[in-house]
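S.K.: So that you have it, the file is upload-v8.tsv, and it contains TSV, C-alpha atoms:
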chain	number	residue	atom	x	y	z
A	1	MET	CA	108.20	254.96	54.72
A	2	GLN	CA	107.48	258.28	53.31
A	3	ALA	CA	105.34	260.52	55.41
A	4	ALA	CA	104.52	263.75	53.92
A	5	ALA	CA	103.47	267.08	54.92
A	6	ASN	CA	102.73	266.41	58.57
A	7	SER	CA	99.54	268.29	58.15
A	8	THR	CA	97.84	266.39	60.93
A	9	PRO	CA	99.27	267.47	64.28
A	10	ASP	CA	98.69	264.05	65.81
A	11	GLN	CA	100.68	263.89	68.98
A	12	ASP	CA	100.88	260.10	68.90
A	13	LEU	CA	102.59	260.27	65.54
A	14	VAL	CA	100.44	257.73	63.85
A	15	ILE	CA	99.39	258.84	60.41
A	16	ASP	CA	96.66	256.88	58.68
A	17	GLY	CA	97.19	254.03	61.12
A	18	ALA	CA	100.89	253.67	60.36
A	19	ASP	CA	103.65	254.43	62.83
A	20	LEU	CA	105.80	257.25	61.68
A	21	SER	CA	109.53	257.00	62.10
A	22	ASN	CA	111.56	257.85	59.02
A	23	VAL	CA	110.23	260.69	56.96
A	24	THR	CA	111.17	262.72	53.94
A	25	LEU	CA	110.07	266.28	53.62
A	26	VAL	CA	110.40	268.87	50.88
A	27	GLY	CA	110.21	272.46	51.99
A	28	LYS	CA	111.64	275.92	51.98
A	29	VAL	CA	114.37	276.91	54.44
A	30	VAL	CA	113.10	279.55	56.87
A	31	SER	CA	116.24	279.79	58.95
A	32	CYS	CA	119.56	278.00	59.17
A	33	ALA	CA	122.32	278.28	61.75
A	34	GLU	CA	125.23	276.24	63.07
A	35	ARG	CA	124.94	275.00	66.62
A	36	ALA	CA	127.53	272.82	68.35
A	37	GLY	CA	128.79	271.30	65.12
A	38	ASN	CA	125.31	270.49	63.84
A	39	ILE	CA	122.97	272.60	61.77
A	40	ASP	CA	119.65	273.85	63.09
A	41	LEU	CA	117.11	274.43	60.34
A	42	GLN	CA	113.53	275.51	60.14
A	43	ILE	CA	111.66	274.26	57.09
A	44	SER	CA	108.29	275.43	55.84
A	45	ASP	CA	106.32	273.34	53.34
A	46	GLY	CA	103.15	275.40	53.21
A	47	THR	CA	101.33	273.23	55.72
A	48	GLY	CA	103.48	274.21	58.66
A	49	VAL	CA	106.97	274.88	59.94
A	50	ILE	CA	109.18	272.25	61.54
A	51	SER	CA	112.59	272.35	63.24
A	52	ILE	CA	115.28	270.09	61.92
A	53	THR	CA	118.63	269.20	63.43
A	54	TYR	CA	120.96	268.13	60.68
A	55	PHE	CA	123.90	265.96	61.69
A	56	VAL	CA	126.56	266.48	59.07
A	57	ASP	CA	128.47	263.21	58.83
A	58	SER	CA	131.54	264.44	56.98
A	59	VAL	CA	132.36	266.94	59.72
A	60	ASP	CA	135.37	264.96	60.93
A	61	SER	CA	137.05	264.65	57.57
A	62	ASP	CA	136.19	268.15	56.39
A	63	PRO	CA	136.08	270.98	58.94
A	64	GLN	CA	134.55	273.22	56.28
A	65	ALA	CA	131.58	270.92	55.76
A	66	VAL	CA	129.28	272.67	58.21
A	67	PRO	CA	130.02	276.28	57.16
A	68	GLN	CA	129.67	275.21	53.52
A	69	LYS	CA	126.28	273.63	54.18
A	70	VAL	CA	125.11	276.68	56.13
A	71	ALA	CA	126.09	278.90	53.20
A	72	GLU	CA	124.25	276.57	50.82
A	73	LEU	CA	121.03	276.38	52.84
A	74	ARG	CA	120.09	280.06	52.68
A	75	PRO	CA	116.55	281.06	53.67
A	76	GLY	CA	114.26	280.62	50.67
A	77	THR	CA	116.14	277.59	49.33
A	78	TYR	CA	114.04	274.50	48.63
A	79	VAL	CA	115.46	271.33	50.18
A	80	ARG	CA	114.60	267.68	50.53
A	81	THR	CA	115.38	266.24	53.95
A	82	TYR	CA	115.51	262.67	55.16
A	83	GLY	CA	115.39	261.90	58.86
A	84	HIS	CA	113.41	260.55	61.71
A	85	MET	CA	110.76	262.15	63.87
A	86	ARG	CA	111.78	263.10	67.37
A	87	ALA	CA	109.75	264.41	70.30
A	88	PHE	CA	111.53	267.36	71.84
A	89	GLN	CA	110.22	269.81	74.44
A	90	GLY	CA	106.63	268.87	73.76
A	91	SER	CA	106.87	269.34	70.03
A	92	TRP	CA	107.91	267.26	67.06
A	93	SER	CA	111.11	267.87	65.21
A	94	ILE	CA	113.25	265.92	62.76
A	95	SER	CA	116.74	264.56	63.22
A	96	ALA	CA	117.97	264.66	59.66
A	97	PHE	CA	120.74	262.55	58.20
A	98	ALA	CA	120.55	264.18	54.78
A	99	VAL	CA	119.53	267.60	53.56
A	100	ARG	CA	120.02	268.42	49.94
A	101	VAL	CA	119.12	271.38	47.80
A	102	VAL	CA	116.32	270.91	45.27
A	103	HIS	CA	117.40	271.98	41.77
A	104	ASP	CA	114.50	270.65	39.70
A	105	PHE	CA	111.37	272.18	41.15
A	106	ASN	CA	109.16	269.50	39.68
A	107	GLU	CA	110.29	267.68	42.81
A	108	VAL	CA	108.02	269.99	44.82
A	109	THR	CA	105.05	268.90	42.71
A	110	TYR	CA	106.17	265.30	42.94
A	111	HIS	CA	106.53	265.37	46.70
A	112	CYS	CA	103.04	266.79	47.22
A	113	LEU	CA	101.61	264.16	44.87
A	114	GLN	CA	103.52	261.42	46.63
A	115	ALA	CA	102.18	262.65	49.96
A	116	ILE	CA	98.65	262.32	48.61
A	117	PHE	CA	99.46	258.90	47.17
A	118	GLN	CA	100.93	257.71	50.46
A	119	HIS	CA	97.91	258.95	52.36
A	120	MET	CA	95.60	257.09	49.98
A	121	HIS	CA	97.78	253.99	50.10
A	122	LEU	CA	97.65	253.82	53.88
A	123	ALA	CA	94.04	254.86	54.20
A	124	LYS	CA	92.60	252.66	51.50
A	125	GLY	CA	95.07	249.82	51.03
A	126	ALA	CA	96.59	248.52	47.85
A	127	GLY	CA	93.57	247.53	45.90
A	128	THR	CA	92.47	244.05	46.87
A	129	GLY	CA	89.24	245.24	48.40
A	130	THR	CA	89.75	243.30	51.61
A	131	GLY	CA	87.62	244.11	54.60
A	132	GLY	CA	84.34	245.89	54.45
A	133	ALA	CA	85.47	249.12	52.93
A	134	THR	CA	84.49	248.40	49.36
A	135	GLN	CA	81.64	250.81	49.33
A	136	GLN	CA	83.73	253.60	50.72
A	137	GLN	CA	86.47	252.88	48.21
A	138	GLN	CA	83.95	253.00	45.45
A	139	ALA	CA	82.94	256.44	46.67
A	140	GLY	CA	86.62	257.36	46.51
A	141	ILE	CA	86.75	256.38	42.85
A	142	ASN	CA	83.70	258.41	42.04
A	143	SER	CA	85.01	261.50	43.74
A	144	TYR	CA	88.16	261.10	41.70
A	145	SER	CA	86.85	260.68	38.23
A	146	GLY	CA	85.46	264.22	38.32
A	147	PRO	CA	88.64	266.26	38.65
A	148	ALA	CA	90.78	263.67	36.88
A	149	ALA	CA	90.02	264.90	33.41
A	150	GLY	CA	93.74	265.03	32.74
A	151	GLY	CA	93.76	261.35	31.98
A	152	TRP	CA	95.96	260.04	34.77
A	153	GLN	CA	93.23	257.67	35.80
A	154	GLN	CA	91.77	256.52	32.56
A	155	LYS	CA	89.61	253.56	33.43
A	156	PRO	CA	88.37	253.64	36.99
A	157	GLN	CA	85.94	250.81	36.33
A	158	GLN	CA	88.89	248.47	35.87
A	159	GLN	CA	90.35	249.29	39.24
A	160	GLN	CA	89.82	246.75	41.94
A	161	GLY	CA	88.72	249.34	44.41
A	162	GLY	CA	92.05	250.88	45.31
A	163	GLY	CA	90.79	254.27	44.40
A	164	TYR	CA	94.03	256.05	43.63
A	165	GLY	CA	94.92	255.24	40.07
A	166	GLY	CA	97.32	252.82	38.52
A	167	GLY	CA	100.63	251.73	39.86
A	168	ALA	CA	99.39	249.70	42.80
A	169	PRO	CA	102.13	247.11	42.83
A	170	VAL	CA	100.16	244.13	43.84
A	171	ALA	CA	96.68	242.73	44.09
A	172	GLY	CA	96.21	239.44	45.80
A	173	PRO	CA	95.40	236.60	43.40
A	174	PRO	CA	91.74	235.73	43.45
A	175	GLY	CA	90.95	233.10	46.03
A	176	MET	CA	93.64	234.11	48.50
A	177	ASP	CA	92.18	234.41	51.97
A	178	PRO	CA	91.58	237.97	53.21
A	179	CYS	CA	94.31	237.88	55.83
A	180	ALA	CA	97.00	236.62	53.43
A	181	SER	CA	95.95	239.17	50.90
A	182	ALA	CA	96.10	241.96	53.48
A	183	VAL	CA	99.55	240.83	54.65
A	184	LEU	CA	100.80	240.71	51.08
A	185	GLN	CA	99.54	244.22	50.61
A	186	VAL	CA	101.50	245.45	53.64
A	187	VAL	CA	104.78	243.77	52.68
A	188	SER	CA	104.39	245.10	49.13
A	189	ASP	CA	104.37	248.73	50.25
A	190	PRO	CA	106.55	250.49	47.64
A	191	ASN	CA	108.28	252.54	50.35
A	192	THR	CA	109.51	249.54	52.30
A	193	GLY	CA	113.26	249.47	52.59
A	194	ASP	CA	115.63	246.65	51.71
A	195	SER	CA	115.18	244.98	55.07
A	196	GLY	CA	111.42	244.72	54.61
A	197	VAL	CA	108.68	245.00	57.20
A	198	HIS	CA	108.90	243.65	60.74
A	199	VAL	CA	106.20	241.21	61.71
A	200	ASN	CA	105.27	243.52	64.62
A	201	ASP	CA	104.62	246.34	62.16
A	202	ILE	CA	102.47	244.07	60.02
A	203	CYS	CA	100.46	243.06	63.07
A	204	GLY	CA	100.21	246.69	64.14
A	205	ARG	CA	98.79	247.70	60.81
A	206	LEU	CA	96.42	244.78	60.44
A	207	GLY	CA	95.26	244.61	64.06
A	208	PRO	CA	92.68	247.37	63.52
A	209	ARG	CA	91.32	245.37	60.58
A	210	GLY	CA	90.65	242.39	62.81
A	211	PHE	CA	93.58	240.13	61.94
A	212	ALA	CA	95.27	238.70	65.03
A	213	ARG	CA	98.94	237.84	65.24
A	214	PRO	CA	98.57	234.05	64.81
A	215	GLN	CA	96.53	234.70	61.66
A	216	VAL	CA	99.22	237.07	60.35
A	217	GLU	CA	101.96	234.56	61.08
A	218	ALA	CA	100.04	231.76	59.40
A	219	ALA	CA	99.48	234.05	56.42
A	220	LEU	CA	103.20	234.86	56.22
A	221	THR	CA	104.06	231.15	56.24
A	222	PHE	CA	101.48	230.58	53.53
A	223	LEU	CA	102.80	233.47	51.43
A	224	GLN	CA	106.36	232.24	51.87
A	225	ASN	CA	105.38	228.73	50.73
A	226	GLU	CA	103.63	230.25	47.75
A	227	ALA	CA	106.76	232.33	46.98
A	228	HIS	CA	104.99	235.64	47.43
A	229	CYS	CA	107.37	236.88	50.10
A	230	TYR	CA	110.56	236.00	51.95
A	231	THR	CA	112.45	236.84	55.13
A	232	THR	CA	115.39	239.25	54.99
A	233	CYS	CA	117.93	240.04	57.72
A	234	ASP	CA	116.20	237.83	60.28
A	235	GLU	CA	113.10	235.69	60.46
A	236	ASN	CA	110.97	238.64	61.60
A	237	HIS	CA	111.56	240.92	58.58
A	238	TRP	CA	109.56	240.23	55.45
A	239	ARG	CA	109.61	241.46	51.89
A	240	ALA	CA	107.45	240.72	48.91
A	241	THR	CA	109.04	238.93	45.99
B	1	MET	CA	106.41	271.74	64.61
B	2	ASN	CA	103.84	274.42	64.09
B	3	ALA	CA	100.97	273.82	61.68
B	4	ASP	CA	98.74	276.63	62.92
B	5	GLU	CA	99.28	278.94	60.00
B	6	PRO	CA	99.41	276.96	56.79
B	7	THR	CA	100.20	278.74	53.57
B	8	PRO	CA	97.89	277.16	50.98
B	9	ARG	CA	99.27	276.28	47.56
B	10	VAL	CA	96.74	277.89	45.26
B	11	GLY	CA	95.97	278.43	41.61
B	12	PHE	CA	93.92	281.13	39.98
B	13	ALA	CA	90.62	279.49	40.87
B	14	GLN	CA	91.28	279.71	44.61
B	15	LEU	CA	92.42	283.35	44.75
B	16	LYS	CA	88.91	284.76	45.04
B	17	ASN	CA	88.34	282.74	48.21
B	18	MET	CA	91.69	283.66	49.73
B	19	ILE	CA	91.57	287.45	49.92
B	20	GLY	CA	93.69	288.65	52.81
B	21	ARG	CA	95.39	285.24	53.24
B	22	ARG	CA	99.01	284.31	52.73
B	23	VAL	CA	99.38	281.84	49.87
B	24	LEU	CA	101.95	280.10	47.68
B	25	PHE	CA	101.43	280.75	43.99
B	26	VAL	CA	103.47	279.25	41.16
B	27	GLY	CA	103.33	280.79	37.71
B	28	ARG	CA	105.19	281.74	34.57
B	29	VAL	CA	106.58	285.27	34.47
B	30	GLU	CA	105.26	287.05	31.38
B	31	SER	CA	106.55	290.57	31.99
B	32	GLN	CA	108.00	292.56	34.83
B	33	ASP	CA	108.64	296.18	35.74
B	34	VAL	CA	110.04	297.61	38.93
B	35	GLY	CA	108.01	296.15	41.79
B	36	ARG	CA	105.30	294.71	39.53
B	37	ALA	CA	105.04	291.58	37.42
B	38	HIS	CA	102.48	289.83	35.27
B	39	MET	CA	102.33	286.07	35.61
B	40	ALA	CA	100.38	283.27	33.99
B	41	ALA	CA	98.79	280.90	36.51
B	42	PRO	CA	99.09	277.13	35.96
B	43	ASP	CA	95.65	277.18	34.30
B	44	GLY	CA	96.73	280.02	31.99
B	45	SER	CA	94.89	282.87	33.74
B	46	LYS	CA	96.62	286.20	34.28
B	47	VAL	CA	97.73	287.31	37.74
B	48	VAL	CA	99.44	290.55	38.81
B	49	ILE	CA	102.22	290.39	41.39
B	50	GLU	CA	102.72	293.64	43.31
B	51	GLY	CA	105.70	294.69	45.36
B	52	ALA	CA	108.17	292.18	43.96
B	53	SER	CA	111.13	292.27	46.35
B	54	SER	CA	113.64	291.48	43.63
B	55	ALA	CA	113.59	290.69	39.93
B	56	PHE	CA	112.41	287.29	38.71
B	57	GLU	CA	115.43	285.64	37.12
B	58	THR	CA	113.83	282.57	35.58
B	59	GLN	CA	110.72	281.85	33.58
B	60	PHE	CA	108.92	280.09	36.42
B	61	ALA	CA	108.65	281.29	40.00
B	62	GLU	CA	106.85	280.59	43.25
B	63	VAL	CA	105.53	283.70	44.97
B	64	GLN	CA	104.64	283.78	48.65
B	65	GLY	CA	102.34	286.68	49.40
B	66	VAL	CA	98.98	287.97	50.49
B	67	VAL	CA	96.01	287.91	48.13
B	68	VAL	CA	94.76	291.46	47.49
B	69	ASP	CA	91.97	290.75	45.03
B	70	PRO	CA	91.06	287.82	42.75
B	71	THR	CA	93.77	288.75	40.25
B	72	THR	CA	96.42	290.37	42.46
B	73	ILE	CA	98.94	289.07	44.98
B	74	ARG	CA	101.16	291.31	47.09
B	75	GLU	CA	104.51	289.56	47.24
B	76	GLU	CA	106.48	288.93	50.38
B	77	SER	CA	109.14	286.75	48.81
B	78	HIS	CA	109.65	284.53	45.83
B	79	VAL	CA	111.72	281.55	44.76
B	80	ASP	CA	112.86	281.19	41.16
B	81	PHE	CA	111.62	277.84	39.87
B	82	GLY	CA	113.94	277.59	36.87
B	83	GLU	CA	113.23	277.21	33.16
B	84	ASN	CA	111.87	273.68	33.31
B	85	PHE	CA	108.71	273.30	35.35
B	86	ASP	CA	105.71	271.24	34.37
B	87	MET	CA	102.72	273.51	34.85
B	88	ASN	CA	100.22	270.87	33.73
B	89	THR	CA	101.23	268.44	36.46
B	90	TYR	CA	101.30	271.25	38.97
B	91	ASN	CA	97.80	272.27	37.91
B	92	GLU	CA	96.60	268.72	38.53
B	93	LEU	CA	98.23	268.84	41.97
B	94	LEU	CA	96.37	272.09	42.70
B	95	ARG	CA	93.07	270.42	41.88
B	96	LEU	CA	93.81	267.62	44.35
B	97	ALA	CA	95.30	269.85	47.04
B	98	ASN	CA	92.37	272.25	46.92
B	99	GLY	CA	89.74	269.60	46.29
B	100	PRO	CA	89.49	266.04	47.59
B	101	HIS	CA	92.70	266.24	49.64
B	102	GLN	CA	92.47	269.76	50.94
B	103	GLN	CA	92.47	268.61	54.56
B	104	MET	CA	96.05	267.34	54.12
B	105	PHE	CA	97.29	270.79	53.21
B	106	TYR	CA	95.21	273.43	54.96
B	107	GLN	CA	91.90	274.05	56.68
Can you present the structure in this file as structure tokens?

M.R.:
Amino acid sequence: MQAAANSTPDQDLVIDGADLSNVTLVGKVVSCAERAGNIDLQISDGTGVISITYFVDSVDSDPQAVPQKVAELRPGTYVRTYGHMRAFQGSWSISAFAVRVVHDFNEVTYHCLQAIFQHMHLAKGAGTGTGGATQQQQAGINSYSGPAAGGWQQKPQQQQGGGYGGGAPVAGPPGMDPCASAVLQVVSDPNTGDSGVHVNDICGRLGPRGFARPQVEAALTFLQNEAHCYTTCDENHWRAT
Amino acid sequence: MNADEPTPRVGFAQLKNMIGRRVLFVGRVESQDVGRAHMAAPDGSKVVIEGASSAFETQFAEVQGVVVDPTTIREESHVDFGENFDMNTYNELLRLANGPHQQMFYQ
């Protein structure tokens, strides 16, 4: 999943009700130095500064890999990093497995917009209007149509209450029960990887909405029978079709 | 991680409320002299950049600096943003990041 700007200093690392593990971050290098064969970076994205340890994987085959990277990642350079969040000495940092220089700066715009999208996606769901949040979502639409004169959300009245513009990948077919529709929404998250979502994660995300594990499992079986989703690497990982 | 001192991404409209604060400002360089440049904000308004540490080498740039008055920023550093940057999309982002989603970016 993509977690953006880490603007909420939540120490339990749950953002919008979703556990945060893998993240991608776009920011400006503040400092960069080699330490014990890895690279220590500090990245600033305007919302804060975070430390990153970058494990360069080609270090065995190319002894120049680390010095080359250090030379490339000068302070002031914009980079996109991929990694996972790590608690270290009472603070959060990132163990990065990729850090690459941004050449097209539209990526900075894109990343900020994706962060907003992801926040909306997690906070409001994917547009089936399950649960009792319809009124709140409606308020979300109204607050949007004001600034959105640029035309990226042309017809809010046709939305099903998602509140964040087009591109929501799925809306449960009418008549699907609320739990199945909520599960389908979780497994259809556009940022889910190839291996899909673990059933524990689905339960974790839907627990607060009042769906218990047996309900979720029954919904998954139903969705599988209806060809809406399938299991991937094992019977606990699910993806939408 | 330290999120105590965010640097808001601002456009022209926010400058008047940000006097004395450190901000990130993206614009198109219109002219530059030694230590001083004129830029067009994403909404087209004119902004003066004082104390440019080095010359702007591309058409678009992101300036980090302190807001002096509603049309002037004193630069601390800048990043050249190349010749191909979509100011319209960025302007829409500024509306979101300083409007309904401000709490994600700064207080």

S.K.: Can you tell me which residues surround range 63-77 of chain B at a distance of at most 6 Å, considering all atoms listed in the file, apart from same-chain residues fewer than 6 positions away, and format the answer as a ChimeraX atom specification?

M.R.: /B:15-16,19-25,47-52

S.K.: Using only C-alpha atoms, tabulate the residues of chain A lying at most 7 Å from any atom of chain B, each with its closest atom pair and that distance in Å to one decimal, by chain and increasing residue number, as a Markdown table.

M.R.:
| residue | atom | partner | partner_atom | distance |
| --- | --- | --- | --- | --- |
| A:Ser7 | CA | B:Met104 | CA | 5.4 |
| A:Gly46 | CA | B:Thr7 | CA | 4.5 |
| A:Thr47 | CA | B:Pro6 | CA | 4.3 |
| A:Gly48 | CA | B:Ala3 | CA | 3.9 |
| A:Val49 | CA | B:Asn2 | CA | 5.2 |
| A:Ile50 | CA | B:Met1 | CA | 4.2 |
| A:Ser51 | CA | B:Met1 | CA | 6.4 |
| A:Gly76 | CA | B:Val79 | CA | 6.5 |
| A:Ser91 | CA | B:Met1 | CA | 5.9 |
| A:Trp92 | CA | B:Met1 | CA | 5.3 |
| A:Ser93 | CA | B:Met1 | CA | 6.1 |
| A:Phe105 | CA | B:Phe81 | CA | 5.8 |
| A:Asn106 | CA | B:Phe85 | CA | 5.8 |
| A:Thr109 | CA | B:Tyr90 | CA | 5.8 |
| A:Leu113 | CA | B:Leu93 | CA | 6.5 |
| A:Pro147 | CA | B:Arg95 | CA | 6.9 |

S.K.: State, in Å with one decimal place, the distance from CA of Ile39 in chain A to CA of Tyr54 in chain A.

M.R.: 5.0 Å

S.K.: Between CA of Leu25 in chain A and CA of Gln185 in chain A, measure the distance and give it in Å to one decimal.

M.R.: 24.6 Å

S.K.: Rounded to one decimal, what separation in Å do you get between CA of Ile52 in chain A and CA of Arg35 in chain A?

M.R.: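 CA of Arg35 in chain A lies at a distance of 11.8 Å from CA of Ile52 in chain A.
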
S.K.: Pick from A:Cys112, A:Val23, A:Ile202, A:Ala182: nearest to Met85 in chain A, with all atoms listed in the file counted?

M.R.: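 Closest residue, counting all atoms listed in the file: A:Val23.
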
S.K.: Would you mind telling me which residue in A:Asn225, A:Ser195, A:Gln215, A:Gln64 lies nearest to His237 in chain A when using all atoms listed in the file?

M.R.: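 The shortest atom-to-atom distance to His237 in chain A comes from A:Ser195.
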
S.K.: Within 9 Å of Tyr230 in chain A, counting all atoms listed in the file, which residues qualify if same-chain residues fewer than 6 places away don't, as a list in words?

M.R.: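 In the requested form, the answer reads Leu220, Leu223, Gln224, His237, Trp238, Arg239, Ala240 and Thr241 of chain A.
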
S.K.: Assuming 5 Å of padding per side, give the centre and edge lengths of the axis-aligned box around every listed atom of range 60-68 of chain B, in Å to one decimal and as AutoDock Vina command-line options.

M.R.:
--center_x 101.8 --center_y 285.8 --center_z 43.5 --size_x 24.2 --size_y 21.4 --size_z 24.1

S.K.: Excluding same-chain residues fewer than 4 positions from Gln32 in chain B, what lies within 8 Å of it counting all atoms listed in the file, as a PDB file with C-alpha atoms, in the coordinates of the input?

M.R.:
ATOM      1  CA  ARG B  36     105.300 294.710  39.530  1.00  0.00           C
ATOM      2  CA  ALA B  37     105.040 291.580  37.420  1.00  0.00           C
ATOM      3  CA  HIS B  38     102.480 289.830  35.270  1.00  0.00           C
ATOM      4  CA  ALA B  55     113.590 290.690  39.930  1.00  0.00           C
ATOM      5  CA  PHE B  56     112.410 287.290  38.710  1.00  0.00           C
TER       6      PHE B  56
END

S.K.: Using all atoms listed in the file, determine which residues lie at most 8 Å from Asn38 in chain A, disregarding the query and same-chain residues fewer than 2 positions distant; provide the list as a list in words.

M.R.: Glu34, Arg35, Ala36, Asp40, Thr53, Tyr54, Phe55, Val56 and Val66 of chain A

S.K.: Using all atoms listed in the file, which of A:Phe222, A:Gln114, A:Ala33, A:Lys124 sits nearest Ala71 in chain A?

M.R.: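 Among A:Phe222, A:Gln114, A:Ala33, A:Lys124, it is A:Ala33 that comes nearest to Ala71 in chain A.
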
S.K.: Write out as an NGL selection string which residues come within 6 Å of Val79 in chain A when counting all atoms listed in the file, dropping same-chain ones fewer than 5 positions away.

M.R.: :A and (26-27 or 100-102)

S.K.: From the options A:Asn191, A:Thr81, A:Ser181, A:Thr221, which residue's atoms come nearest to Leu41 in chain A, counting only C-alpha atoms?

M.R.: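 Going through A:Asn191, A:Thr81, A:Ser181, A:Thr221 one by one, the smallest distance to Leu41 in chain A is for A:Thr81.
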